[in-house]
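Q: Structure file target-v3.tsv (TSV, C-alpha atoms) is given on the next line.
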```tsv
chain	number	residue	atom	x	y	z
A	1	MET	CA	-140.29	146.40	50.59
A	2	ARG	CA	-142.80	149.10	49.62
A	3	LEU	CA	-141.00	152.45	49.80
A	4	PRO	CA	-142.47	155.96	49.60
A	5	THR	CA	-143.53	156.56	46.02
A	6	THR	CA	-142.88	159.55	43.76
A	7	LEU	CA	-144.08	159.94	40.19
A	8	PRO	CA	-141.29	158.12	38.30
A	9	SER	CA	-140.81	155.42	40.96
A	10	LEU	CA	-144.55	154.75	40.92
A	11	PHE	CA	-144.33	154.00	37.20
A	12	LEU	CA	-141.37	151.72	37.78
A	13	ALA	CA	-143.16	149.90	40.60
A	14	ALA	CA	-146.13	149.35	38.36
A	15	ALA	CA	-143.88	147.84	35.69
A	16	LEU	CA	-142.53	145.24	38.09
A	17	ALA	CA	-174.10	137.84	38.77
A	18	LEU	CA	-175.21	139.86	41.82
A	19	ILE	CA	-173.54	142.57	43.86
A	20	ALA	CA	-172.12	140.63	46.80
A	21	PRO	CA	-171.68	142.67	50.00
A	22	ARG	CA	-168.76	141.77	52.20
A	23	THR	CA	-167.33	142.99	55.46
A	24	SER	CA	-164.05	144.95	55.52
A	25	ALA	CA	-160.83	143.16	54.62
A	26	GLN	CA	-160.01	141.23	57.78
A	27	SER	CA	-162.11	140.49	60.82
A	28	ALA	CA	-159.43	140.13	63.51
A	29	ALA	CA	-159.36	143.41	65.47
A	30	PRO	CA	-155.64	144.25	65.00
A	31	CYS	CA	-155.95	143.61	61.28
A	32	ALA	CA	-159.33	145.23	60.66
A	33	ASP	CA	-159.79	148.09	58.21
A	34	PRO	CA	-161.01	151.03	60.32
A	35	SER	CA	-162.52	153.05	57.45
A	36	PRO	CA	-166.35	153.39	57.62
A	37	HIS	CA	-167.19	151.80	54.28
A	38	LYS	CA	-169.06	148.79	52.99
A	39	GLN	CA	-167.17	146.42	50.72
A	40	LEU	CA	-168.93	145.09	47.61
A	41	LEU	CA	-167.80	142.57	45.01
A	42	ILE	CA	-169.39	143.48	41.68
A	43	PRO	CA	-169.33	141.15	38.63
A	44	VAL	CA	-167.97	142.68	35.43
A	45	ALA	CA	-166.73	141.03	32.23
A	46	ASP	CA	-165.00	137.65	32.03
A	47	SER	CA	-166.54	136.48	35.32
A	48	VAL	CA	-164.30	138.93	37.19
A	49	ARG	CA	-165.62	140.59	40.33
A	50	LEU	CA	-164.26	144.00	41.32
A	51	GLU	CA	-163.92	145.30	44.84
A	52	VAL	CA	-165.97	148.47	45.33
A	53	LEU	CA	-165.94	150.45	48.55
A	54	ASP	CA	-169.05	152.45	49.46
A	55	TRP	CA	-168.82	155.15	52.13
A	56	GLY	CA	-172.47	156.12	51.70
A	57	GLY	CA	-173.72	159.67	51.56
A	58	SER	CA	-176.28	161.44	49.42
A	59	GLY	CA	-176.17	163.63	46.35
A	60	ARG	CA	-174.25	163.11	43.13
A	61	PRO	CA	-172.09	159.95	43.12
A	62	LEU	CA	-168.32	160.32	43.15
A	63	VAL	CA	-166.26	157.31	42.03
A	64	PHE	CA	-162.55	157.19	42.89
A	65	LEU	CA	-160.04	155.17	40.83
A	66	ALA	CA	-156.71	154.25	42.41
A	67	GLY	CA	-153.23	154.72	41.05
A	68	GLY	CA	-150.97	151.94	39.81
A	69	GLY	CA	-150.38	149.22	42.38
A	70	ASP	CA	-152.92	150.71	44.79
A	71	THR	CA	-156.43	149.65	45.75
A	72	ALA	CA	-159.64	151.49	46.56
A	73	HIS	CA	-158.46	151.60	50.19
A	74	ALA	CA	-156.00	154.34	49.20
A	75	PHE	CA	-158.97	156.72	49.61
A	76	ASP	CA	-160.00	155.43	53.06
A	77	ASP	CA	-158.96	158.65	54.81
A	78	PHE	CA	-159.95	161.10	52.05
A	79	ALA	CA	-163.36	159.87	50.88
A	80	PRO	CA	-165.27	160.38	54.18
A	81	ALA	CA	-164.70	164.15	53.97
A	82	LEU	CA	-167.01	164.26	50.92
A	83	VAL	CA	-169.81	162.10	52.31
A	84	PRO	CA	-171.86	164.96	53.79
A	85	THR	CA	-172.58	166.26	50.27
A	86	TYR	CA	-171.92	163.36	47.90
A	87	HIS	CA	-172.29	159.56	47.71
A	88	VAL	CA	-168.73	158.29	47.56
A	89	TYR	CA	-167.39	155.05	46.06
A	90	ALA	CA	-163.96	153.72	45.03
A	91	ILE	CA	-163.04	150.85	42.69
A	92	THR	CA	-160.08	148.48	42.89
A	93	ARG	CA	-159.05	147.64	39.32
A	94	ARG	CA	-158.80	144.02	38.24
A	95	GLY	CA	-155.70	142.17	39.38
A	96	PHE	CA	-155.28	144.12	42.64
A	97	GLY	CA	-156.56	143.78	46.19
A	98	ALA	CA	-159.77	141.78	46.42
A	99	SER	CA	-160.57	142.23	42.72
A	100	GLY	CA	-160.26	139.23	40.41
A	101	LEU	CA	-158.17	138.77	37.29
A	102	THR	CA	-158.83	136.32	34.46
A	103	THR	CA	-156.95	137.99	31.61
A	104	PRO	CA	-153.53	139.63	31.28
A	105	ASP	CA	-155.09	142.49	29.30
A	106	ASN	CA	-155.04	145.74	31.28
A	107	ASP	CA	-155.61	147.99	28.27
A	108	ALA	CA	-157.11	151.27	29.46
A	109	ARG	CA	-160.11	150.83	27.16
A	110	HIS	CA	-160.97	147.47	28.71
A	111	LEU	CA	-160.41	148.82	32.21
A	112	ALA	CA	-162.83	151.60	31.28
A	113	ASP	CA	-165.41	148.95	30.37
A	114	ASP	CA	-164.94	147.55	33.90
A	115	VAL	CA	-165.67	150.99	35.35
A	116	VAL	CA	-168.81	151.37	33.24
A	117	ALA	CA	-169.95	147.88	34.30
A	118	VAL	CA	-169.70	149.00	37.93
A	119	LEU	CA	-171.65	152.18	37.16
A	120	ASP	CA	-174.35	150.04	35.54
A	121	ALA	CA	-174.49	147.57	38.43
A	122	LEU	CA	-174.82	150.36	40.98
A	123	HIS	CA	-177.27	152.34	38.76
A	124	LEU	CA	-175.12	155.46	39.07
A	125	ASP	CA	-176.45	158.36	37.03
A	126	HIS	CA	-173.80	160.76	35.66
A	127	PRO	CA	-171.21	160.30	38.39
A	128	VAL	CA	-167.97	162.25	38.66
A	129	LEU	CA	-164.90	160.06	38.18
A	130	ILE	CA	-161.84	160.99	40.24
A	131	GLY	CA	-158.59	159.22	39.38
A	132	HIS	CA	-155.11	159.25	40.86
A	133	SER	CA	-151.96	158.66	38.81
A	134	ILE	CA	-152.48	155.85	36.26
A	135	GLY	CA	-156.20	156.01	37.08
A	136	GLY	CA	-156.17	158.99	34.71
A	137	ALA	CA	-155.98	156.56	31.79
A	138	GLU	CA	-159.32	155.06	32.81
A	139	LEU	CA	-160.84	158.54	33.20
A	140	SER	CA	-159.88	159.50	29.66
A	141	ALA	CA	-160.96	156.14	28.25
A	142	VAL	CA	-164.41	156.34	29.86
A	143	ALA	CA	-164.87	159.94	28.69
A	144	ASN	CA	-163.91	159.08	25.11
A	145	GLN	CA	-165.81	155.78	24.86
A	146	HIS	CA	-168.87	156.76	26.91
A	147	PRO	CA	-169.04	160.58	26.87
A	148	HIS	CA	-172.65	160.67	28.06
A	149	ARG	CA	-172.08	158.50	31.12
A	150	VAL	CA	-170.13	160.94	33.32
A	151	ALA	CA	-170.76	164.46	34.60
A	152	GLY	CA	-167.11	165.33	35.02
A	153	LEU	CA	-163.56	164.13	35.58
A	154	VAL	CA	-160.96	164.96	38.22
A	155	TYR	CA	-157.29	164.08	37.59
A	156	LEU	CA	-155.22	163.87	40.79
A	157	ASP	CA	-151.68	164.18	39.39
A	158	ALA	CA	-153.09	161.85	36.77
A	159	ALA	CA	-153.18	163.82	33.52
A	160	TYR	CA	-149.88	162.57	32.10
A	161	GLY	CA	-149.24	160.89	28.75
A	162	TYR	CA	-151.41	157.85	29.45
A	163	ALA	CA	-154.38	160.22	30.00
A	164	PHE	CA	-153.62	162.93	27.43
A	165	ASP	CA	-151.07	162.78	24.62
A	166	ASP	CA	-151.28	165.00	21.56
A	167	GLY	CA	-147.70	164.34	20.54
A	168	ASN	CA	-146.39	167.38	22.42
A	169	VAL	CA	-146.02	165.84	25.87
A	170	PRO	CA	-143.19	163.94	27.60
A	171	THR	CA	-143.05	160.24	26.91
A	172	MET	CA	-143.48	157.67	29.65
A	173	GLN	CA	-139.96	156.48	28.84
A	174	GLN	CA	-138.65	159.93	29.78
A	175	LEU	CA	-140.55	159.96	33.05
A	176	MET	CA	-139.67	156.38	33.96
A	177	SER	CA	-135.97	156.95	33.30
A	178	ILE	CA	-135.63	159.59	36.02
A	179	ASP	CA	-133.54	158.37	38.95
A	180	THR	CA	-135.63	158.87	42.09
A	181	PRO	CA	-133.75	159.06	45.40
A	182	GLN	CA	-135.18	156.69	48.00
A	183	PRO	CA	-135.22	157.16	51.78
A	184	PRO	CA	-133.95	154.57	54.26
A	185	PRO	CA	-136.47	151.71	54.54
A	186	PRO	CA	-138.58	151.22	57.69
A	187	GLN	CA	-136.75	149.54	60.54
A	188	ALA	CA	-137.97	146.84	62.93
A	189	ALA	CA	-139.57	149.39	65.26
A	190	ASP	CA	-141.48	150.87	62.32
A	191	LEU	CA	-142.97	147.43	61.61
A	192	ALA	CA	-144.14	146.75	65.16
A	193	SER	CA	-147.65	147.87	64.17
A	194	PHE	CA	-149.41	149.57	61.29
A	195	HIS	CA	-149.65	152.75	63.38
A	196	ALA	CA	-145.86	152.64	63.72
A	197	LEU	CA	-145.56	152.20	59.95
A	198	GLN	CA	-147.86	155.20	59.44
A	199	SER	CA	-145.58	157.23	61.71
A	200	TYR	CA	-142.61	156.20	59.58
A	201	TYR	CA	-144.30	157.60	56.48
A	202	VAL	CA	-145.11	160.84	58.30
A	203	ARG	CA	-141.42	161.23	59.16
A	204	VAL	CA	-140.14	160.57	55.65
A	205	LEU	CA	-142.98	162.00	53.53
A	206	GLY	CA	-144.76	164.51	55.75
A	207	PHE	CA	-148.02	162.55	55.39
A	208	THR	CA	-149.09	158.94	55.70
A	209	TYR	CA	-151.11	156.35	53.83
A	210	PRO	CA	-154.43	155.00	55.14
A	211	GLU	CA	-154.13	152.06	57.49
A	212	GLY	CA	-156.45	150.01	55.27
A	213	GLU	CA	-154.23	150.60	52.22
A	214	LEU	CA	-151.07	149.69	54.12
A	215	LYS	CA	-152.81	146.42	55.00
A	216	GLN	CA	-153.26	145.83	51.28
A	217	TRP	CA	-149.54	146.37	50.69
A	218	ARG	CA	-148.32	144.27	53.64
A	219	GLN	CA	-149.46	141.16	55.47
A	220	CYS	CA	-150.93	141.71	58.92
A	221	ASN	CA	-149.54	139.33	61.54
A	222	ALA	CA	-151.73	137.86	64.27
A	223	ASP	CA	-150.26	140.24	66.85
A	224	GLY	CA	-150.98	143.26	64.65
A	225	SER	CA	-147.39	143.74	63.52
A	226	VAL	CA	-146.48	144.33	59.89
A	227	GLY	CA	-145.66	141.24	57.87
A	228	ASP	CA	-144.24	140.53	54.42
A	229	ASP	CA	-145.07	142.43	51.26
A	230	ARG	CA	-148.14	141.31	49.34
A	231	SER	CA	-147.99	140.89	45.59
A	232	PHE	CA	-150.86	141.25	43.13
A	233	PRO	CA	-151.05	139.60	39.70
A	234	GLY	CA	-152.04	142.84	37.99
A	235	GLY	CA	-148.65	144.45	38.57
A	236	SER	CA	-146.95	142.95	35.52
A	237	THR	CA	-149.83	143.89	33.24
A	238	LEU	CA	-149.62	147.52	34.32
A	239	GLY	CA	-145.96	147.48	33.33
A	240	ALA	CA	-146.95	146.35	29.85
A	241	PHE	CA	-149.68	149.00	29.76
A	242	LEU	CA	-147.19	151.79	30.40
A	243	LYS	CA	-145.20	150.73	27.34
A	244	SER	CA	-148.18	150.74	24.96
A	245	TYR	CA	-151.01	152.87	26.28
A	246	PRO	CA	-153.67	154.32	23.96
A	247	LYS	CA	-153.22	157.94	22.90
A	248	PHE	CA	-156.08	160.18	24.06
A	249	THR	CA	-155.97	163.57	22.38
A	250	ALA	CA	-159.28	164.88	23.73
A	251	ILE	CA	-161.13	164.80	27.05
A	252	PRO	CA	-164.82	165.37	26.22
A	253	ALA	CA	-166.10	166.09	29.74
A	254	PRO	CA	-165.85	168.95	32.25
A	255	THR	CA	-162.42	168.53	33.79
A	256	LEU	CA	-160.42	169.47	36.87
A	257	ALA	CA	-156.74	168.54	36.59
A	258	ILE	CA	-154.50	168.93	39.63
A	259	PHE	CA	-150.74	168.66	39.11
A	260	ALA	CA	-147.93	168.51	41.66
A	261	MET	CA	-145.10	170.75	40.46
A	262	PRO	CA	-142.40	170.61	41.56
A	263	HIS	CA	-142.85	167.18	43.15
A	264	THR	CA	-141.53	166.89	46.68
A	265	LEU	CA	-139.51	163.93	47.90
A	266	GLY	CA	-140.53	164.64	51.50
A	267	PRO	CA	-138.83	165.87	54.68
A	268	TRP	CA	-136.27	163.07	54.64
A	269	ALA	CA	-134.64	164.47	51.48
A	270	ALA	CA	-134.53	168.02	52.81
A	271	ALA	CA	-132.92	166.82	56.06
A	272	THR	CA	-130.32	164.46	54.62
A	273	THR	CA	-126.66	165.36	54.98
A	274	ASP	CA	-125.50	162.77	52.45
A	275	PRO	CA	-123.98	164.79	49.59
A	276	LYS	CA	-124.77	162.10	47.01
A	277	ILE	CA	-128.46	162.07	47.96
A	278	ARG	CA	-128.61	165.88	48.01
A	279	GLN	CA	-127.15	166.01	44.50
A	280	SER	CA	-129.47	163.24	43.33
A	281	ALA	CA	-132.47	165.18	44.71
A	282	LYS	CA	-131.39	168.30	42.82
A	283	THR	CA	-131.00	166.31	39.61
A	284	TYR	CA	-134.40	164.69	40.15
A	285	ALA	CA	-136.13	168.08	40.50
A	286	ALA	CA	-134.21	169.63	37.60
A	287	THR	CA	-135.23	166.75	35.33
A	288	LEU	CA	-138.85	166.12	36.38
A	289	THR	CA	-140.08	169.71	36.79
A	290	PRO	CA	-139.63	170.82	33.14
A	291	LEU	CA	-141.22	167.60	31.93
A	292	THR	CA	-144.23	168.21	34.18
A	293	GLN	CA	-144.43	171.82	32.98
A	294	SER	CA	-144.45	170.60	29.39
A	295	GLN	CA	-147.37	168.27	30.19
A	296	VAL	CA	-149.29	171.05	31.97
A	297	SER	CA	-148.78	173.50	29.11
A	298	ALA	CA	-149.87	171.02	26.43
A	299	PHE	CA	-152.92	170.03	28.49
A	300	GLN	CA	-153.98	173.65	29.03
A	301	LYS	CA	-153.54	174.52	25.36
A	302	ALA	CA	-155.47	171.53	24.04
A	303	ILE	CA	-158.26	171.59	26.65
A	304	PRO	CA	-158.81	175.29	27.43
A	305	THR	CA	-162.10	174.62	29.21
A	306	ALA	CA	-160.39	172.49	31.86
A	307	ARG	CA	-159.67	173.85	35.31
A	308	VAL	CA	-155.94	173.25	35.81
A	309	VAL	CA	-154.42	173.64	39.28
A	310	VAL	CA	-150.70	173.39	40.07
A	311	LEU	CA	-149.75	172.64	43.68
A	312	PRO	CA	-146.10	173.58	44.36
A	313	ASN	CA	-143.98	171.14	46.35
A	314	ALA	CA	-146.77	168.57	46.57
A	315	HIS	CA	-146.26	164.82	46.53
A	316	HIS	CA	-147.51	162.61	43.70
A	317	TYR	CA	-150.19	161.50	46.20
A	318	VAL	CA	-151.57	165.05	46.17
A	319	TYR	CA	-154.81	164.14	47.90
A	320	LEU	CA	-152.77	162.95	50.90
A	321	SER	CA	-149.92	165.46	50.94
A	322	ASN	CA	-152.18	168.44	50.14
A	323	ARG	CA	-155.55	167.27	51.40
A	324	PRO	CA	-156.97	170.77	52.21
A	325	ASP	CA	-155.98	172.11	48.78
A	326	VAL	CA	-157.49	169.16	46.92
A	327	LEU	CA	-160.70	169.30	48.97
A	328	ARG	CA	-160.99	173.02	48.31
A	329	GLU	CA	-160.63	172.55	44.55
A	330	LEU	CA	-163.06	169.62	44.51
A	331	LEU	CA	-165.72	171.46	46.49
A	332	ALA	CA	-165.39	174.44	44.13
A	333	PHE	CA	-165.50	172.34	40.95
A	334	LEU	CA	-168.23	169.80	41.74
A	335	PRO	CA	-171.13	172.28	42.18
A	336	THR	CA	-170.44	173.69	38.68
A	337	LEU	CA	-171.39	170.39	36.98
```
In structure tokens, how does this file's structure come out?
A:
Amino acid sequence: MRLPTTLPSLFLAAALALIAPRTSAQSAAPCADPSPHKQLLIPVADSVRLEVLDWGGSGRPLVFLAGGGDTAHAFDDFAPALVPTYHVYAITRRGFGASGLTTPDNDARHLADDVVAVLDALHLDHPVLIGHSIGGAELSAVANQHPHRVAGLVYLDAAYGYAFDDGNVPTMQQLMSIDTPQPPPPQAADLASFHALQSYYVRVLGFTYPEGELKQWRQCNADGSVGDDRSFPGGSTLGAFLKSYPKFTAIPAPTLAIFAMPHTLGPWAAATTDPKIRQSAKTYAATLTPLTQSQVSAFQKAIPTARVVVLPNAHHYVYLSNRPDVLRELLAFLPTL
């Protein structure tokens, strides 16, 4: 069962020759992806084709990279807000969603080569890369390996040790060891449809995930109800990646880094009357917040030219929980490039 994800539990969950246009994920009406994008399958190395979503638009290209375990559809509800000014794309990394996988190697440097291969195939000139969570590793890898290919980088609660580590930041082992309280799972009524499942997430988190992304996480039954969990082969390789990621000590590109601090667990945690959960939530905040502050401070000191924004009481999915704030910061940062 896919439960609402916070920063440490996301890391734990991750541990567990032409551009070919395609229609959106499924054609049956109840199971269709409602987001207004085109779906492309773009060949990269090792005969792998990556899913790329294209929402259209004009102006500088923006390329979104999903967090661990997610697909490009995670941006289905956020990306269209930028289309009036920018041409917006998102990439599903190898091993997830509709993207292929022919090697167990998910090293950030090789994943960065996949991103550059997509930029080449689409003839994108100096795009801005925008990554969520573990996608920050690919941002830093592209910037270090191909510094002249990108105009700027945006880290959406993504500038942790896998994206920047000068030896003065928390280790992934510290972050992954934090016990994250979990809400009650969705019940039968919450699985009657994907709209019902979205309502469940609103109740427990205060926001919801895009319908298209939920249909990547769960099977869609013929009647439109929510089926079993899906599994993707890339999950185990991301777990290995988190144990031995490359150390990036510099980010040689104009940078906007948005951090959630403190991280919220959502309305369900604030409303619970269970004393054990209330104590666990306090321990979670008391443990994670100083570690996040340590990462923010090290990042600001080492990269003083970066624009660093801290959003209090935001979720790890900051672009969903704090959509207006993230849009505001993006629309202020992008014209400076």
Q: Quick one: distance from CA of Pro30 (chain A) to CA of Phe64 (chain A) in Å, one decimal?
A: 26.5 Å
Q: CA of Asp190 (chain A) and CA of Gly97 (chain A) are how many Å apart?
A: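 Answer for the CA of Asp190 (chain A) to CA of Gly97 (chain A) separation: 23.2 Å.
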Q: Measuring between all atoms listed in the file, which one of A:Ala286, A:Val63, A:Ala74, A:Ala98 shows the shortest distance to Phe232 (chain A)?
A: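 Once distances to Phe232 (chain A) are computed over all atoms listed in the file, the minimum belongs to A:Ala98.
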Q: Looking at only C-alpha atoms, which of A:Val226, A:Val83, A:Leu214, A:Ala281 is the one that sits closest to Ala192 (chain A)?
A: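 The shortest atom-to-atom distance to Ala192 (chain A) comes from A:Val226.
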Q: With all atoms listed in the file as the atoms that count, which of A:Ile42, A:Leu256, A:Leu191, A:Ala314 lies nearest to Glu329 (chain A)?
A: A:Leu256
Q: Could you jot down the CA of Ile178 (chain A) to CA of Tyr317 (chain A) separation for me, Å, one decimal place?
A: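 We find that CA of Ile178 (chain A) and CA of Tyr317 (chain A) lie 17.9 Å from each other.
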Q: Please tell me which residues are no farther than 10 Å from (-158.4, 171.8, 38.8) in the file, counting all atoms listed in the file, and write them as a compact mmCIF listing (two decimals) with C-alpha atoms, in the coordinates of the input.
A:
```
# COMPACT_ATOMS: atom_id res chain seq x y z
CA LEU A 153 -163.56 164.13 35.58
CA VAL A 154 -160.96 164.96 38.22
CA TYR A 155 -157.29 164.08 37.59
CA LEU A 156 -155.22 163.87 40.79
CA THR A 255 -162.42 168.53 33.79
CA LEU A 256 -160.42 169.47 36.87
CA ALA A 257 -156.74 168.54 36.59
CA ILE A 258 -154.50 168.93 39.63
CA PHE A 259 -150.74 168.66 39.11
CA ALA A 306 -160.39 172.49 31.86
CA ARG A 307 -159.67 173.85 35.31
CA VAL A 308 -155.94 173.25 35.81
CA VAL A 309 -154.42 173.64 39.28
CA VAL A 310 -150.70 173.39 40.07
CA LEU A 311 -149.75 172.64 43.68
CA VAL A 326 -157.49 169.16 46.92
CA ARG A 328 -160.99 173.02 48.31
CA GLU A 329 -160.63 172.55 44.55
CA LEU A 330 -163.06 169.62 44.51
CA ALA A 332 -165.39 174.44 44.13
CA PHE A 333 -165.50 172.34 40.95
```
Q: If I only have part of region 302-331 of chain A, can you fill in N, CA and C atoms and write it as a short mmCIF file (atom, residue, chain, number, x, y, z; two decimals), in the coordinates of the input?
A:
```cif
data_model
loop_
_atom_site.label_atom_id
_atom_site.label_comp_id
_atom_site.auth_asym_id
_atom_site.auth_seq_id
_atom_site.Cartn_x
_atom_site.Cartn_y
_atom_site.Cartn_z
N ALA A 302 -154.56 172.40 24.78
CA ALA A 302 -155.47 171.53 24.04
C ALA A 302 -156.86 171.48 24.65
N ILE A 303 -156.97 171.70 25.96
CA ILE A 303 -158.26 171.59 26.65
C ILE A 303 -158.47 172.88 27.44
N PRO A 304 -158.73 173.99 26.75
CA PRO A 304 -158.81 175.29 27.43
C PRO A 304 -159.97 175.42 28.40
N THR A 305 -160.97 174.54 28.29
CA THR A 305 -162.10 174.62 29.21
C THR A 305 -161.81 173.94 30.55
N ALA A 306 -160.72 173.20 30.62
CA ALA A 306 -160.39 172.49 31.86
C ALA A 306 -159.91 173.46 32.93
N ARG A 307 -160.22 173.14 34.16
CA ARG A 307 -159.67 173.85 35.31
C ARG A 307 -158.38 173.14 35.69
N VAL A 308 -157.24 173.83 35.53
CA VAL A 308 -155.94 173.25 35.81
C VAL A 308 -155.35 173.93 37.03
N VAL A 309 -154.97 173.13 38.02
CA VAL A 309 -154.42 173.64 39.28
C VAL A 309 -153.04 173.02 39.49
N VAL A 310 -152.06 173.85 39.78
CA VAL A 310 -150.70 173.39 40.07
C VAL A 310 -150.42 173.63 41.54
N LEU A 311 -150.06 172.56 42.25
CA LEU A 311 -149.75 172.64 43.68
C LEU A 311 -148.23 172.52 43.85
N PRO A 312 -147.56 173.62 44.22
CA PRO A 312 -146.10 173.58 44.36
C PRO A 312 -145.67 172.70 45.53
N ASN A 313 -144.59 171.97 45.31
CA ASN A 313 -143.98 171.14 46.35
C ASN A 313 -144.96 170.15 46.96
N ALA A 314 -145.85 169.62 46.14
CA ALA A 314 -146.77 168.57 46.57
C ALA A 314 -146.19 167.22 46.18
N HIS A 315 -146.66 166.19 46.84
CA HIS A 315 -146.26 164.82 46.53
C HIS A 315 -147.13 164.31 45.40
N HIS A 316 -146.68 163.24 44.74
CA HIS A 316 -147.51 162.61 43.70
C HIS A 316 -148.87 162.20 44.28
N TYR A 317 -148.91 161.78 45.53
CA TYR A 317 -150.19 161.50 46.20
C TYR A 317 -150.75 162.82 46.72
N VAL A 318 -151.17 163.68 45.80
CA VAL A 318 -151.57 165.05 46.17
C VAL A 318 -152.75 165.09 47.14
N TYR A 319 -153.64 164.11 47.03
CA TYR A 319 -154.81 164.14 47.90
C TYR A 319 -154.47 163.76 49.34
N LEU A 320 -153.25 163.23 49.55
CA LEU A 320 -152.77 162.95 50.90
C LEU A 320 -151.81 164.03 51.38
N SER A 321 -150.89 164.44 50.53
CA SER A 321 -149.92 165.46 50.94
C SER A 321 -150.54 166.84 51.04
N ASN A 322 -151.53 167.12 50.20
CA ASN A 322 -152.18 168.44 50.14
C ASN A 322 -153.68 168.30 50.23
N ARG A 323 -154.13 167.55 51.23
CA ARG A 323 -155.55 167.27 51.40
C ARG A 323 -156.42 168.53 51.42
N PRO A 324 -156.10 169.58 52.21
CA PRO A 324 -156.97 170.77 52.21
C PRO A 324 -157.08 171.43 50.84
N ASP A 325 -155.96 171.48 50.11
CA ASP A 325 -155.98 172.11 48.78
C ASP A 325 -156.85 171.32 47.81
N VAL A 326 -156.71 169.99 47.84
CA VAL A 326 -157.49 169.16 46.92
C VAL A 326 -158.97 169.22 47.28
N LEU A 327 -159.29 169.17 48.56
CA LEU A 327 -160.70 169.30 48.97
C LEU A 327 -161.27 170.64 48.54
N ARG A 328 -160.51 171.69 48.71
CA ARG A 328 -160.99 173.02 48.31
C ARG A 328 -161.30 173.06 46.81
N GLU A 329 -160.40 172.53 46.00
CA GLU A 329 -160.63 172.55 44.55
C GLU A 329 -161.80 171.66 44.16
N LEU A 330 -161.93 170.50 44.79
CA LEU A 330 -163.06 169.62 44.51
C LEU A 330 -164.38 170.28 44.85
N LEU A 331 -164.45 170.88 46.03
CA LEU A 331 -165.72 171.46 46.49
C LEU A 331 -166.08 172.73 45.72
#
```
